[in-house]
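The file structure_25.cif contains mmCIF, C-alpha atoms:
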```cif
data_protein
loop_
_atom_site.label_atom_id
_atom_site.label_comp_id
_atom_site.auth_asym_id
_atom_site.auth_seq_id
_atom_site.Cartn_x
_atom_site.Cartn_y
_atom_site.Cartn_z
CA MET U 1 -12.69 26.66 -8.49
CA GLN U 2 -10.98 23.68 -10.09
CA LYS U 3 -12.49 20.27 -9.34
CA LEU U 4 -10.05 17.98 -7.55
CA ILE U 5 -9.67 14.45 -8.83
CA ASN U 6 -10.97 11.94 -6.30
CA SER U 7 -8.42 9.15 -6.53
CA CYS U 8 -10.76 6.39 -5.37
CA TYR U 9 -13.51 7.09 -7.88
CA ASP U 10 -11.75 8.37 -10.98
CA GLY U 11 -9.27 5.51 -11.21
CA PHE U 12 -6.21 7.71 -10.65
CA MET U 13 -3.70 6.29 -8.20
CA VAL U 14 -0.31 7.57 -7.16
CA ASP U 15 0.87 3.98 -6.58
CA THR U 16 -1.25 0.84 -6.60
CA ARG U 17 1.02 -1.27 -4.38
CA PHE U 18 -0.54 0.10 -1.19
CA SER U 19 -4.17 -0.23 -2.29
CA VAL U 20 -3.64 -3.76 -3.64
CA SER U 21 -1.74 -4.74 -0.47
CA VAL U 22 -4.63 -3.47 1.66
CA GLN U 23 -7.06 -5.47 -0.47
CA ILE U 24 -4.88 -8.58 -0.03
CA MET U 25 -4.86 -8.05 3.73
CA VAL U 26 -8.62 -7.45 3.97
CA THR U 27 -9.22 -10.56 1.84
CA LEU U 28 -6.97 -12.65 4.09
CA ALA U 29 -8.68 -11.23 7.19
CA TYR U 30 -12.11 -12.00 5.73
CA HIS U 31 -11.02 -15.59 5.02
CA GLN U 32 -9.08 -16.09 8.28
CA ASP U 33 -10.03 -19.75 8.59
CA GLU U 34 -8.57 -20.76 5.24
CA MET U 35 -5.27 -20.55 3.42
CA MET U 36 -5.20 -18.59 0.18
CA ASN U 37 -2.66 -18.74 -2.62
CA SER U 38 -1.43 -16.01 -4.96
CA GLU U 39 -3.46 -17.34 -7.89
CA ALA U 40 -6.71 -17.18 -5.89
CA LEU U 41 -5.86 -13.68 -4.65
CA ALA U 42 -4.98 -12.55 -8.18
CA LYS U 43 -8.31 -13.87 -9.48
CA VAL U 44 -10.29 -12.10 -6.75
CA LEU U 45 -8.31 -8.87 -7.14
CA LYS U 46 -8.31 -9.13 -10.95
CA THR U 47 -4.56 -8.68 -11.26
CA ASN U 48 -1.42 -10.64 -12.05
CA ALA U 49 -0.31 -13.44 -9.69
CA THR U 50 3.34 -12.37 -10.06
CA PHE U 51 2.43 -8.88 -8.81
CA ILE U 52 0.54 -10.46 -5.88
CA ARG U 53 3.55 -12.65 -5.00
CA LYS U 54 5.84 -9.58 -4.93
CA LEU U 55 3.47 -7.73 -2.62
CA VAL U 56 2.97 -10.80 -0.42
CA SER U 57 6.75 -11.20 -0.20
CA ASN U 58 6.98 -7.68 1.24
CA LEU U 59 4.12 -8.40 3.67
CA VAL U 60 5.84 -11.64 4.78
CA GLU U 61 9.11 -9.77 5.33
CA ALA U 62 7.22 -7.27 7.52
CA GLU U 63 5.69 -10.24 9.42
CA LEU U 64 2.16 -9.14 8.55
CA VAL U 65 1.41 -12.40 6.75
CA GLU U 66 2.76 -15.93 6.88
CA SER U 67 3.47 -18.02 3.82
CA PHE U 68 3.51 -21.82 3.78
CA ARG U 69 4.94 -23.84 0.89
CA GLY U 70 3.85 -27.17 -0.49
CA LYS U 71 0.58 -29.03 -0.79
CA GLY U 72 -2.01 -27.41 1.43
CA GLY U 73 0.21 -24.34 1.76
CA GLY U 74 -0.76 -20.78 1.14
CA ILE U 75 -0.91 -17.40 2.77
CA LYS U 76 -2.59 -16.27 5.98
CA LEU U 77 -2.43 -13.29 8.32
CA GLY U 78 0.55 -13.24 10.65
CA LYS U 79 -1.26 -11.19 13.30
CA SER U 80 -4.77 -10.32 14.36
CA PRO U 81 -6.48 -7.68 12.16
CA ALA U 82 -6.71 -5.48 15.27
CA GLU U 83 -2.90 -5.50 15.54
CA ILE U 84 -2.19 -4.45 11.95
CA SER U 85 -2.35 -0.74 11.20
CA LEU U 86 -2.78 0.52 7.68
CA ASN U 87 0.57 2.25 8.19
CA ASP U 88 2.17 -1.16 8.76
CA ILE U 89 0.81 -2.22 5.37
CA TYR U 90 1.80 1.09 3.76
CA VAL U 91 5.41 0.85 4.95
CA ALA U 92 5.68 -2.80 3.90
CA SER U 93 4.11 -2.31 0.48
CA THR U 94 5.76 0.90 -0.66
CA GLU U 95 9.33 -0.12 0.23
CA ALA U 96 10.10 3.36 1.63
CA LYS U 97 9.12 5.06 -1.64
CA PRO U 98 7.36 8.34 -0.79
CA PHE U 99 3.69 8.84 -1.63
CA ILE U 100 4.70 11.57 -4.09
CA SER U 101 7.94 11.52 -6.07
CA THR U 102 9.76 14.37 -7.72
CA HIS U 103 10.46 14.48 -11.43
CA LYS U 104 14.08 13.47 -11.99
CA LYS U 105 15.68 15.93 -14.35
CA THR U 106 18.93 17.65 -15.18
CA VAL U 107 19.38 20.76 -13.05
CA THR U 108 19.85 24.05 -14.88
CA LYS U 109 22.69 25.54 -12.85
CA ALA U 110 21.99 29.07 -14.08
CA CYS U 111 18.47 28.93 -12.62
CA PRO U 112 18.12 29.30 -8.82
CA VAL U 113 14.68 27.65 -8.91
CA SER U 114 15.97 24.63 -10.82
CA CYS U 115 18.97 24.28 -8.49
CA SER U 116 16.91 24.25 -5.33
CA PHE U 117 13.48 22.95 -6.35
CA ASP U 118 13.93 19.28 -5.47
CA ASP U 119 15.24 20.14 -2.01
CA ILE U 120 12.52 22.73 -1.38
CA PHE U 121 9.73 20.53 -2.74
CA CYS U 122 10.87 17.48 -0.76
CA LYS U 123 11.23 19.34 2.54
CA GLU U 124 8.21 21.59 2.22
CA VAL U 125 5.72 19.33 0.47
CA VAL U 126 6.65 15.66 0.17
CA ASP U 127 7.91 15.21 3.74
CA GLY U 128 4.79 16.94 5.08
CA ILE U 129 2.41 14.82 3.03
CA GLU U 130 4.29 11.66 3.97
CA GLY U 131 4.12 12.56 7.68
CA VAL U 132 0.40 13.34 7.59
CA THR U 133 -0.29 10.19 5.57
CA GLN U 134 1.59 7.92 7.96
CA SER U 135 0.06 9.59 11.02
CA TYR U 136 -3.44 9.05 9.64
CA LEU U 137 -2.76 5.45 8.59
CA SER U 138 -1.30 4.66 12.03
CA LYS U 139 -4.74 5.31 13.54
CA LYS U 140 -6.59 2.98 11.17
CA TYR U 141 -6.48 -0.79 11.55
CA LEU U 142 -7.21 -3.73 9.31
CA SER U 143 -10.02 -4.65 11.71
CA ASP U 144 -11.67 -1.26 11.01
CA LEU U 145 -11.85 -2.07 7.30
CA LEU U 146 -12.92 -5.66 7.89
CA LYS U 147 -15.98 -4.44 9.85
CA LYS U 148 -17.15 -2.53 6.78
CA VAL U 149 -16.93 -5.42 4.29
CA SER U 150 -20.30 -6.17 2.70
CA CYS U 151 -21.75 -6.98 -0.69
CA SER U 152 -25.11 -5.41 -1.26
#
```
Can you give me the file's structure in the form of structure tokens?
Amino acid sequence: MQKLINSCYDGFMVDTRFSVSVQIMVTLAYHQDEMMNSEALAKVLKTNATFIRKLVSNLVEAELVESFRGKGGGIKLGKSPAEISLNDIYVASTEAKPFISTHKKTVTKACPVSCSFDDIFCKEVVDGIEGVTQSYLSKKYLSDLLKKVSCS
């Protein structure tokens, strides 16, 4: 039997926007009493501040976080961690891009498989995975993750 790649431990990710957005949200929840800025988040998450600002912009648009400009400004949660599902974060961070994408290619009209593969794959596989993913994430909340934060 072929070993499946465990995405969390082998470093393979379909799309990092969701995982980084969740880490931003958990970090903001953990530091609820203070404002954070994109540079501080980027340093903690070991990524680029521009990437953080793009993700935060999506989270602000979804009203999951609030952003304040100027001296003393920063970013904070827009709702209680118990009110924010992981699906809320997923939808905000992925901008309606499915979890799995199809390979964009030129269709070989003489081949029935080539002509219908994208439609079949999307309806039979991608839509199913997306539905299961969103259903699962709708049952998990930011507060659930926050309870498990610890450094040993």
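Minimum distance to U:Leu145 across U:Leu64, U:Leu59, U:Ile52, U:Ile84 (counting all atoms listed in the file) occurs at U:Ile84.
You will find atom CA of U:Ser19 at 10.1 Å from atom CA of U:Leu86.
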message: as a list in words, please: the residues near U:Ala49 (cut-off 6 Å, all atoms listed in the file, same-chain neighbours under 4 positions excluded).
response: Ser38, Glu39 and Ala42 of chain U
task: Output the residue selection produced by the PyMOL selection byres ((chain U and resi 92) around 8) on the file above, formatted as a PyMOL selection string.
output: chain U and resi 58-59+61-62+88-91+93-96
- line: Using all atoms listed in the file, the residue out of U:Met36, U:Lys43, U:Cys111, U:Cys122 with shortest distance to U:Phe68 is U:Met36
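Between atom CA of U:Glu130 and atom CA of U:Phe51 the separation is 24.3 Å.
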Interface rows for stretch 12-39 of chain U against stretch 72-75 of chain U: nearest pair, Å to one decimal, 10 Å, only C-alpha atoms, as JSON lines:
```
{"residue": "U:Leu28", "atom": "CA", "partner": "U:Ile75", "partner_atom": "CA", "distance": 7.8}
{"residue": "U:Gln32", "atom": "CA", "partner": "U:Ile75", "partner_atom": "CA", "distance": 9.9}
{"residue": "U:Glu34", "atom": "CA", "partner": "U:Ile75", "partner_atom": "CA", "distance": 8.7}
{"residue": "U:Met35", "atom": "CA", "partner": "U:Gly74", "partner_atom": "CA", "distance": 5.1}
{"residue": "U:Met36", "atom": "CA", "partner": "U:Gly74", "partner_atom": "CA", "distance": 5.0}
{"residue": "U:Asn37", "atom": "CA", "partner": "U:Gly74", "partner_atom": "CA", "distance": 4.7}
{"residue": "U:Ser38", "atom": "CA", "partner": "U:Gly74", "partner_atom": "CA", "distance": 7.8}
```
Length of the atom CA of U:Val26 to atom CA of U:Leu146 vector [Å]: 6.1 Å
task: Carefully work through the PyMOL selection byres ((chain U and resi 77) around 9) for this structure and note down the residues it includes, as a ChimeraX atom specification.
output: /U:25,28-29,32,63-67,75-76,78-81
